[in-house]
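**Q** Structure file start_36.txt (compact mmCIF, C-alpha atoms (C1' of nucleotides)) right here:
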```txt
# COMPACT_ATOMS: atom_id res chain seq x y z
CA MET A 1 -2.25 -4.70 3.88
CA LYS A 2 -2.87 -2.21 1.12
CA GLU A 3 -3.60 1.41 1.92
CA PRO A 4 -7.35 1.72 1.47
CA PRO A 5 -8.54 4.34 -0.98
CA TYR A 6 -10.47 7.41 0.05
CA ILE A 7 -13.94 8.62 -0.56
CA THR A 8 -14.61 12.08 -1.90
CA PRO A 9 -14.64 15.07 0.44
CA GLU A 10 -18.11 15.72 -0.96
CA LEU A 11 -19.33 12.41 0.39
CA HIS A 12 -17.59 13.00 3.67
CA GLU A 13 -19.43 16.29 3.83
CA ALA A 14 -22.69 14.55 3.07
CA MET A 15 -21.93 11.93 5.72
CA ARG A 16 -21.43 14.65 8.24
CA GLY A 17 -25.15 15.32 8.06
CA VAL A 18 -26.00 11.71 8.70
CA MET A 19 -23.24 11.11 11.17
CA VAL A 20 -24.36 13.73 13.61
CA TYR A 21 -23.04 11.60 16.44
CA VAL A 22 -19.57 11.56 14.98
CA GLY A 23 -19.04 14.91 16.58
CA GLY A 24 -18.43 16.72 13.33
CA LYS A 25 -14.85 15.58 13.34
CA ILE A 26 -14.11 13.58 10.21
CA ASP A 27 -10.56 13.45 8.96
CA SER A 28 -11.08 13.74 5.26
CA SER A 29 -7.47 13.02 4.44
CA LYS A 30 -7.86 9.36 5.31
CA CYS A 31 -11.19 7.64 5.11
CA PRO A 32 -11.99 5.95 8.41
CA VAL A 33 -15.06 4.29 7.02
CA ARG A 34 -13.25 2.10 4.62
CA ASP A 35 -10.08 1.88 6.60
CA VAL A 36 -12.09 0.14 9.27
CA MET A 37 -14.72 -1.56 7.15
CA ASP A 38 -12.10 -2.98 4.83
CA HIS A 39 -10.93 -4.92 7.84
CA ILE A 40 -13.78 -5.82 10.08
CA GLY A 41 -15.89 -6.01 6.95
CA ASP A 42 -13.96 -8.87 5.48
CA LYS A 43 -15.30 -12.36 5.39
CA TRP A 44 -14.19 -13.54 8.81
CA SER A 45 -13.19 -10.63 11.05
CA SER A 46 -16.58 -9.75 12.42
CA LEU A 47 -17.31 -13.38 13.13
CA LEU A 48 -14.07 -13.79 15.04
CA MET A 49 -14.72 -10.56 16.90
CA VAL A 50 -18.10 -11.86 17.97
CA ALA A 51 -16.57 -15.13 19.08
CA LEU A 52 -13.84 -13.37 21.02
CA GLY A 53 -16.42 -10.97 22.38
CA THR A 54 -17.93 -13.82 24.36
CA ARG A 55 -14.62 -14.90 25.94
CA PRO A 56 -10.95 -15.46 25.06
CA HIS A 57 -10.40 -18.38 22.73
CA ARG A 58 -7.52 -20.59 21.81
CA PHE A 59 -6.64 -21.08 18.19
CA GLY A 60 -8.30 -24.46 17.96
CA GLU A 61 -11.40 -23.24 19.77
CA LEU A 62 -11.86 -20.51 17.21
CA LYS A 63 -11.44 -23.04 14.45
CA ARG A 64 -14.20 -25.13 15.96
CA ALA A 65 -16.42 -22.12 16.61
CA VAL A 66 -16.20 -21.13 12.95
CA PRO A 67 -15.79 -24.56 11.45
CA ASP A 68 -15.66 -23.54 7.82
CA ILE A 69 -12.79 -21.12 8.15
CA SER A 70 -9.55 -22.49 6.79
CA GLN A 71 -6.57 -22.62 9.07
CA ARG A 72 -4.78 -20.31 6.72
CA MET A 73 -7.48 -17.63 6.85
CA LEU A 74 -7.86 -18.02 10.59
CA THR A 75 -4.18 -17.31 11.09
CA GLN A 76 -4.23 -14.46 8.65
CA THR A 77 -7.37 -12.82 9.97
CA LEU A 78 -6.12 -13.06 13.54
CA ARG A 79 -2.84 -11.44 12.49
CA ASP A 80 -4.73 -8.59 10.85
CA LEU A 81 -6.91 -8.07 13.90
CA GLN A 82 -3.81 -8.14 16.02
CA ALA A 83 -2.12 -5.61 13.77
CA ASP A 84 -5.13 -3.34 14.10
CA GLY A 85 -4.86 -3.56 17.87
CA LEU A 86 -8.25 -5.22 18.28
CA VAL A 87 -7.00 -8.60 19.42
CA SER A 88 -4.03 -9.65 21.51
CA ARG A 89 -2.15 -12.93 21.30
CA HIS A 90 -0.68 -14.74 24.27
CA VAL A 91 1.55 -17.78 23.93
CA PHE A 92 1.77 -20.19 26.83
CA PRO A 93 4.89 -22.35 26.67
CA THR A 94 3.07 -25.57 27.43
CA VAL A 95 3.55 -28.68 25.40
CA PRO A 96 2.04 -28.66 22.91
CA PRO A 97 2.09 -24.86 22.99
CA SER A 98 -1.21 -23.13 23.52
CA VAL A 99 -2.07 -19.70 22.21
CA GLU A 100 -4.84 -17.57 23.54
CA TYR A 101 -6.49 -14.75 21.66
CA ARG A 102 -8.54 -12.11 23.39
CA LEU A 103 -9.99 -8.70 22.66
CA THR A 104 -7.94 -5.67 23.58
CA PRO A 105 -9.68 -2.77 25.31
CA MET A 106 -10.09 -1.17 21.89
CA GLY A 107 -11.49 -4.44 20.55
CA GLU A 108 -13.97 -4.49 23.39
CA SER A 109 -14.98 -0.93 22.67
CA MET A 110 -15.97 -2.04 19.19
CA MET A 111 -18.37 -4.67 20.42
CA PRO A 112 -21.37 -2.48 21.30
CA PRO A 113 -21.64 -0.84 17.86
CA LEU A 114 -20.79 -4.12 16.16
CA MET A 115 -23.48 -5.86 18.15
CA GLU A 116 -25.97 -3.18 17.17
CA LEU A 117 -25.38 -4.16 13.59
CA MET A 118 -25.59 -7.86 14.44
CA LYS A 119 -28.84 -7.18 16.19
CA TRP A 120 -30.15 -5.51 13.08
CA ALA A 121 -28.92 -8.43 11.02
CA ALA A 122 -30.69 -10.94 13.23
CA GLU A 123 -33.90 -8.96 13.19
CA ASN A 124 -33.93 -8.40 9.45
CA HIS A 125 -32.54 -11.67 8.29
CA ALA A 126 -35.86 -13.16 7.28
CA ARG A 127 -36.84 -10.02 5.38
CA ILE A 128 -33.58 -10.04 3.48
CA ARG A 129 -33.94 -13.67 2.54
CA GLN A 130 -37.44 -13.00 1.32
CA ALA A 131 -36.27 -10.00 -0.67
CA ARG A 132 -33.72 -12.20 -2.41
CA LEU A 133 -36.37 -14.70 -3.36
CA ASP A 134 -38.59 -11.93 -4.70
CA PHE A 135 -35.73 -10.44 -6.64
CA ALA A 136 -34.75 -13.75 -8.17
CA GLU A 137 -38.33 -14.33 -9.18
CA SER A 138 -38.80 -10.89 -10.73
CA ALA A 139 -35.52 -11.30 -12.61
CA ALA A 140 -36.65 -14.64 -13.98
CA ALA A 141 -39.96 -13.19 -15.17
CA MET B 1 -24.49 -15.11 -4.56
CA LYS B 2 -23.29 -18.19 -2.74
CA GLU B 3 -25.20 -19.47 0.27
CA PRO B 4 -23.14 -18.28 3.21
CA PRO B 5 -21.97 -20.94 5.66
CA TYR B 6 -23.15 -21.14 9.22
CA ILE B 7 -21.47 -20.68 12.55
CA THR B 8 -21.75 -23.30 15.23
CA PRO B 9 -24.81 -23.45 17.48
CA GLU B 10 -22.30 -23.24 20.31
CA LEU B 11 -21.13 -19.85 19.11
CA HIS B 12 -24.68 -18.75 18.56
CA GLU B 13 -25.33 -19.72 22.13
CA ALA B 14 -22.30 -17.76 23.25
CA MET B 15 -23.43 -14.77 21.19
CA ARG B 16 -26.74 -14.90 22.94
CA GLY B 17 -24.97 -13.76 26.09
CA VAL B 18 -23.39 -10.82 24.35
CA MET B 19 -26.33 -10.03 22.17
CA VAL B 20 -28.70 -9.41 25.01
CA TYR B 21 -30.46 -6.84 22.89
CA VAL B 22 -31.19 -9.35 20.18
CA GLY B 23 -34.09 -10.49 22.27
CA GLY B 24 -32.87 -14.02 22.66
CA LYS B 25 -34.24 -14.94 19.25
CA ILE B 26 -31.43 -16.21 17.05
CA ASP B 27 -32.29 -18.54 14.23
CA SER B 28 -29.51 -21.07 14.46
CA SER B 29 -30.50 -22.80 11.24
CA LYS B 30 -29.18 -19.97 9.11
CA CYS B 31 -26.53 -17.63 10.40
CA PRO B 32 -27.77 -14.06 10.16
CA VAL B 33 -24.43 -12.61 11.16
CA ARG B 34 -22.60 -13.77 8.13
CA ASP B 35 -25.57 -13.75 5.87
CA VAL B 36 -25.72 -10.02 6.40
CA MET B 37 -22.06 -9.27 6.96
CA ASP B 38 -21.08 -11.20 3.86
CA HIS B 39 -23.01 -8.58 2.00
CA ILE B 40 -22.76 -5.23 3.66
CA GLY B 41 -19.29 -6.27 4.78
CA ASP B 42 -17.92 -6.46 1.28
CA LYS B 43 -15.60 -3.86 -0.08
CA TRP B 44 -18.15 -1.38 -1.38
CA SER B 45 -21.60 -2.02 0.08
CA SER B 46 -21.26 -0.08 3.29
CA LEU B 47 -19.78 2.84 1.42
CA LEU B 48 -22.65 2.91 -1.03
CA MET B 49 -25.12 2.58 1.81
CA VAL B 50 -23.58 5.59 3.51
CA ALA B 51 -23.72 7.56 0.27
CA LEU B 52 -27.34 6.61 -0.34
CA GLY B 53 -28.09 7.31 3.30
CA THR B 54 -27.47 10.97 2.65
CA ARG B 55 -29.84 11.16 -0.32
CA PRO B 56 -30.82 9.24 -3.47
CA HIS B 57 -28.09 9.13 -6.10
CA ARG B 58 -27.93 8.47 -9.79
CA PHE B 59 -25.52 5.89 -11.11
CA GLY B 60 -22.97 8.45 -12.21
CA GLU B 61 -23.24 10.39 -8.96
CA LEU B 62 -22.35 7.27 -7.01
CA LYS B 63 -19.42 6.69 -9.30
CA ARG B 64 -18.16 10.17 -8.57
CA ALA B 65 -18.85 9.87 -4.86
CA VAL B 66 -16.75 6.72 -4.68
CA PRO B 67 -14.30 7.49 -7.45
CA ASP B 68 -12.18 4.38 -7.17
CA ILE B 69 -14.99 1.90 -7.61
CA SER B 70 -15.04 0.31 -11.02
CA GLN B 71 -18.20 0.57 -13.05
CA ARG B 72 -18.43 -3.18 -13.01
CA MET B 73 -18.34 -3.39 -9.22
CA LEU B 74 -20.70 -0.45 -8.86
CA THR B 75 -23.28 -2.19 -11.01
CA GLN B 76 -22.76 -5.49 -9.26
CA THR B 77 -22.84 -4.12 -5.73
CA LEU B 78 -25.97 -2.13 -6.46
CA ARG B 79 -27.62 -5.25 -7.86
CA ASP B 80 -26.74 -7.16 -4.73
CA LEU B 81 -28.07 -4.41 -2.47
CA GLN B 82 -31.19 -4.34 -4.59
CA ALA B 83 -31.55 -8.10 -4.33
CA ASP B 84 -31.27 -7.84 -0.56
CA GLY B 85 -34.04 -5.28 -0.54
CA LEU B 86 -31.85 -2.52 0.84
CA VAL B 87 -31.81 -0.34 -2.25
CA SER B 88 -34.41 0.34 -4.92
CA ARG B 89 -33.74 1.25 -8.53
CA HIS B 90 -35.87 3.65 -10.55
CA VAL B 91 -35.42 4.17 -14.26
CA PHE B 92 -36.57 7.45 -15.76
CA PRO B 93 -37.14 7.20 -19.51
CA THR B 94 -35.30 10.40 -20.29
CA VAL B 95 -32.67 10.62 -22.97
CA PRO B 96 -30.11 9.52 -22.12
CA PRO B 97 -31.92 7.40 -19.57
CA SER B 98 -31.30 8.26 -15.95
CA VAL B 99 -31.41 5.75 -13.13
CA GLU B 100 -31.91 6.67 -9.51
CA TYR B 101 -30.96 4.50 -6.57
CA ARG B 102 -32.35 5.07 -3.11
CA LEU B 103 -32.61 3.25 0.20
CA THR B 104 -35.70 1.19 0.82
CA PRO B 105 -37.36 1.46 4.24
CA MET B 106 -35.39 -1.61 5.28
CA GLY B 107 -32.24 0.02 3.97
CA GLU B 108 -32.99 3.10 6.01
CA SER B 109 -33.54 0.99 9.08
CA MET B 110 -30.00 -0.27 8.72
CA MET B 111 -28.48 3.19 8.81
CA PRO B 112 -28.59 3.86 12.57
CA PRO B 113 -26.67 0.70 13.54
CA LEU B 114 -24.38 1.08 10.55
CA MET B 115 -23.68 4.65 11.54
CA GLU B 116 -22.90 3.57 15.09
CA LEU B 117 -20.14 1.46 13.65
CA MET B 118 -18.98 4.29 11.39
CA LYS B 119 -18.90 6.54 14.40
CA TRP B 120 -16.71 4.03 16.19
CA ALA B 121 -14.51 3.80 13.11
CA ALA B 122 -14.08 7.54 12.95
CA GLU B 123 -13.30 7.80 16.63
CA ASN B 124 -10.80 4.95 16.67
CA HIS B 125 -9.21 5.44 13.32
CA ALA B 126 -6.10 7.13 14.63
CA ARG B 127 -5.61 4.47 17.28
CA ILE B 128 -5.89 1.71 14.70
CA ARG B 129 -3.39 3.35 12.41
CA GLN B 130 -0.98 3.72 15.29
CA ALA B 131 -1.49 0.08 16.28
CA ARG B 132 -0.56 -0.95 12.76
CA LEU B 133 2.64 1.05 12.90
CA ASP B 134 3.53 -0.46 16.27
CA PHE B 135 2.78 -3.95 15.01
CA ALA B 136 4.87 -3.51 11.88
CA GLU B 137 7.71 -2.22 13.99
CA SER B 138 7.55 -5.06 16.51
CA ALA B 139 7.42 -7.56 13.67
CA ALA B 140 10.51 -6.05 12.07
CA ALA B 141 12.40 -6.21 15.36
C1' DA C 1 4.63 -48.11 16.82
C1' DT C 2 0.69 -45.38 15.69
C1' DA C 3 -2.63 -42.00 16.24
C1' DT C 4 -3.84 -37.52 18.21
C1' DA C 5 -3.48 -32.89 19.63
C1' DT C 6 -1.19 -28.46 19.55
C1' DA C 7 -0.50 -24.01 16.22
C1' DG C 8 0.86 -22.98 12.49
C1' DT C 9 3.23 -22.69 7.22
C1' DT C 10 3.65 -23.65 2.27
C1' DA C 11 2.37 -24.62 -2.45
C1' DC C 12 -1.21 -24.95 -5.60
C1' DT C 13 -5.88 -23.94 -7.33
C1' DA C 14 -10.31 -21.67 -7.50
C1' DA C 15 -12.96 -17.59 -7.04
C1' DT C 16 -13.38 -12.73 -6.87
C1' DT C 17 -12.16 -8.15 -8.21
C1' DG C 18 -10.35 -4.60 -11.12
C1' DA C 19 -8.94 -2.17 -15.65
C1' DG C 20 -10.25 -0.98 -19.75
C1' DA C 21 -12.51 -1.35 -24.09
C1' DC C 22 -16.99 -1.46 -26.09
C1' DC C 23 -22.32 -0.49 -26.86
C1' DA C 24 -26.63 2.26 -28.02
C1' DT C 25 -28.81 6.51 -28.04
C1' DG C 26 -29.40 11.36 -28.50
C1' DT C 27 -27.75 16.10 -27.65
C1' DT C 28 -24.33 19.63 -27.99
C1' DT C 29 -20.20 21.65 -30.32
C1' DA C 30 -17.39 22.91 -34.36
C1' DT D 1 -22.48 17.19 -41.22
C1' DA D 2 -19.32 15.03 -38.27
C1' DA D 3 -16.98 14.54 -33.98
C1' DA D 4 -17.28 14.49 -29.14
C1' DC D 5 -19.75 13.70 -24.96
C1' DA D 6 -23.02 11.97 -21.51
C1' DT D 7 -26.05 8.36 -20.08
C1' DG D 8 -25.91 3.41 -17.70
C1' DG D 9 -24.34 -0.23 -18.48
C1' DT D 10 -21.78 -5.14 -20.42
C1' DC D 11 -17.73 -8.00 -21.83
C1' DT D 12 -13.10 -9.79 -21.75
C1' DC D 13 -8.97 -10.57 -19.68
C1' DA D 14 -5.41 -9.78 -16.05
C1' DA D 15 -4.40 -9.38 -11.13
C1' DT D 16 -5.51 -10.08 -6.55
C1' DT D 17 -7.47 -12.76 -2.88
C1' DA D 18 -9.31 -16.76 -0.67
C1' DG D 19 -9.62 -21.77 -0.10
C1' DT D 20 -7.75 -26.81 -0.10
C1' DA D 21 -4.79 -30.01 1.20
C1' DA D 22 -0.51 -31.48 2.60
C1' DC D 23 3.36 -30.78 5.69
C1' DT D 24 6.06 -29.18 10.14
C1' DA D 25 7.42 -30.14 15.14
C1' DT D 26 6.85 -31.95 19.73
C1' DA D 27 4.74 -34.69 23.32
C1' DT D 28 1.08 -37.62 25.18
C1' DA D 29 -2.06 -41.48 25.07
C1' DT D 30 -3.03 -46.33 23.11
```
Show me, as structure tokens, the structure contained in the file I just sent.
**A**
Amino acid sequence: MKEPPYITPELHEAMRGVMVYVGGKIDSSKCPVRDVMDHIGDKWSSLLMVALGTRPHRFGELKRAVPDISQRMLTQTLRDLQADGLVSRHVFPTVPPSVEYRLTPMGESMMPPLMELMKWAAENHARIRQARLDFAESAAA
Amino acid sequence: MKEPPYITPELHEAMRGVMVYVGGKIDSSKCPVRDVMDHIGDKWSSLLMVALGTRPHRFGELKRAVPDISQRMLTQTLRDLQADGLVSRHVFPTVPPSVEYRLTPMGESMMPPLMELMKWAAENHARIRQARLDFAESAAA
DNA sequence: ATATATAGTTACTAATTGAGACCATGTTTA
DNA sequence: TAAACATGGTCTCAATTAGTAACTATATAT
């Protein structure tokens, strides 16, 4: 887990104008934007967060919910989410052992803003796909 | 730009419960969540979106705003954002030529939900960093 | 006895990203 | 007049990251 790089104070300053809701309190020494986006922005995290947002899941359930994730990446992504304090892991000493993953309170607090973005994604999906077609066509011309 | 994989209809169904605001209309044939997150969720897109959300930028300005992006990735990420219809590119035939990038209306429409997530990131950044320390410590023990 | 399910790990390979040199043009500096 | 610099890139190659497939261990069902 590499220390994410920063963005310029200038950009932070500029963001302040856009991020009115942030409360004017942006720690410019460490960049929260990428520190967080580098994680939930990776290929699988947001998907797993959405899955776990519906209810706790066992390892195998998550694998079935996101069928094209590899076991390796599932393990790794869950560990990262756990490290970030967004997901908690509970082992039940059954046989075979079962492991349940669920959102922590902090993880749950991320869901509303995350879902806002998902909502946008769902609403604009068709437009984006069309834009890609248009772009491909104009590039070919 | 590889065709992103889907998530299961079951998960889509589950998301429906969480994504009340989505209006119950989720196209299960293509997965909007990852189709969008695969893009704005990559290492640089959200950062560039935030930068462009403040005002239009020239190529070099963006490079200075996000100083640790390589020129190669800046070009590539901008092309991808352009292909998705989030960013538009305007060449001015000055000498040397100058190129301005700005958000499209669709790009602008993404800013409020994106900023909600940024706001969350800023507010929870300290907690996340602390969680990582705790996790590293508990793993070492 | 074999197959299946559990939750992973490990080694190897493929894909993505990053670092840095290079390009063309014209303007400023020495 | 020549060298240096700024523009917005591209190209090649090395490093990082992700994905594939095989393997682990134990217990239950067939």
**Q** For chain C versus chain A, which residues have an atom no more than 12 Å away, and what is each residue's nearest atom pair and distance in Å rounded to one decimal, using only C-alpha atoms (C1' of nucleotides), chain-then-number order, as JSON lines?
**A**
```
{"residue": "C:DT4", "atom": "C1'", "partner": "A:Pro96", "partner_atom": "CA", "distance": 11.6}
{"residue": "C:DA5", "atom": "C1'", "partner": "A:Pro96", "partner_atom": "CA", "distance": 7.7}
{"residue": "C:DT6", "atom": "C1'", "partner": "A:Pro96", "partner_atom": "CA", "distance": 4.7}
{"residue": "C:DA7", "atom": "C1'", "partner": "A:Phe59", "partner_atom": "CA", "distance": 7.1}
{"residue": "C:DG8", "atom": "C1'", "partner": "A:Thr75", "partner_atom": "CA", "distance": 7.7}
{"residue": "C:DT9", "atom": "C1'", "partner": "A:Arg72", "partner_atom": "CA", "distance": 8.4}
{"residue": "C:DT10", "atom": "C1'", "partner": "A:Arg72", "partner_atom": "CA", "distance": 10.1}
```
**Q** Work out how far apart CA of Ser109 in chain A and CA of Arg64 in chain A are and give it in Å to one decimal.
**A**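 Taking CA of Ser109 in chain A as the start and CA of Arg64 in chain A as the end point, the length is 25.1 Å.
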**Q** Skipping near chain neighbours, those fewer than 4 positions away, what residues fall within 10 Å of DA30 in chain C using all atoms listed in the file, listed as a list in words?
**A**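 Using all atoms listed in the file, the neighbours found are DA2, DA3 and DA4 of chain D.
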**Q** Go through B:Lys119, B:Arg129, B:Lys63, B:His39 one by one, measure the shortest atom-to-atom distance of each to chain D using all atoms listed in the file, and give the residue with the smallest value.
**A** B:Lys63
**Q** Suppose you want the space between CA of Ser138 in chain A and CA of Met73 in chain B; what is it in Å?
**A** 21.8 Å
**Q** Return as a ChimeraX atom specification the residues belonging to chain D that are within 9 Å of chain A, counting all atoms listed in the file.
**A** /D:18-20,26-27
**Q** If you measure from CA of Trp44 in chain A to CA of Ser88 in chain B, what distance in Å do you get, rounded to one decimal?
**A** 28.1 Å
**Q** Could you pull the residues within 7 Å of Tyr101 in chain B, counting only C-alpha atoms (C1' of nucleotides), minus those fewer than 3 positions along the same chain, as a VMD selection string?
**A** chain B and resid 56 to 58 87 to 90
**Q** Name the residues, using the chain letters and numbers of the file, that sit within 10 Å of (-22.3, -3.9, 3.0) when counting all atoms listed in the file, and give them as a ChimeraX atom specification.
**A** /A:37,41 /B:36-50,77,80-81,86,114
**Q** Can you list, as a ChimeraX atom specification, every protein, DNA or RNA residue that comes within 12 Å of DC5 in chain D when you count all atoms listed in the file, leaving out same-chain residues fewer than 6 positions away?
**A** /B:96 /C:25-29
**Q** Between B:Leu78, B:Asp68, B:His125, B:Glu61, which has the minimum distance to DA19 in chain C (counting only C-alpha atoms (C1' of nucleotides))?
**A**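 Residue with the minimum atom-to-atom distance to DA19 in chain C: B:Asp68.
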**Q** Which is closest to Arg127 in chain A among B:Pro93, B:Pro112, B:Gly85, B:Pro105, if we use only C-alpha atoms?
**A**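 Using only C-alpha atoms, the shortest distance to Arg127 in chain A belongs to B:Gly85.
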**Q** So which residues touch DC11 in chain D within 12 Å, counting all atoms listed in the file, skipping near sequence neighbours fewer than 5 positions away, as a PyMOL selection string?
**A** (chain B and resi 72) or (chain C and resi 20-23)
**Q** So, with only C-alpha atoms as the atoms that count, which of B:Asp84, B:Glu137, B:Leu52, B:Ala126 lies closest to chain A?
**A**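 Of B:Asp84, B:Glu137, B:Leu52, B:Ala126, the one nearest chain A, counting only C-alpha atoms, is B:Asp84.
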**Q** Write out as a PDB file with C-alpha atoms, in the coordinates of the input which residues come within 12 Å of Ala136 in chain A when counting only C-alpha atoms (C1' of nucleotides), dropping same-chain ones fewer than 3 positions away.
**A**
```pdb
ATOM      1  CA  ARG A 129     -33.940 -13.670   2.540  1.00  0.00           C
ATOM      2  CA  GLN A 130     -37.440 -13.000   1.320  1.00  0.00           C
ATOM      3  CA  ALA A 131     -36.270 -10.000  -0.670  1.00  0.00           C
ATOM      4  CA  ARG A 132     -33.720 -12.200  -2.410  1.00  0.00           C
ATOM      5  CA  LEU A 133     -36.370 -14.700  -3.360  1.00  0.00           C
ATOM      6  CA  ALA A 139     -35.520 -11.300 -12.610  1.00  0.00           C
ATOM      7  CA  ALA A 140     -36.650 -14.640 -13.980  1.00  0.00           C
ATOM      8  CA  ALA A 141     -39.960 -13.190 -15.170  1.00  0.00           C
TER       9      ALA A 141
ATOM     10  CA  MET B   1     -24.490 -15.110  -4.560  1.00  0.00           C
ATOM     11  CA  ARG B  79     -27.620  -5.250  -7.860  1.00  0.00           C
ATOM     12  CA  ASP B  80     -26.740  -7.160  -4.730  1.00  0.00           C
ATOM     13  CA  GLN B  82     -31.190  -4.340  -4.590  1.00  0.00           C
ATOM     14  CA  ALA B  83     -31.550  -8.100  -4.330  1.00  0.00           C
ATOM     15  CA  ASP B  84     -31.270  -7.840  -0.560  1.00  0.00           C
ATOM     16  CA  GLY B  85     -34.040  -5.280  -0.540  1.00  0.00           C
TER      17      GLY B  85
END
```
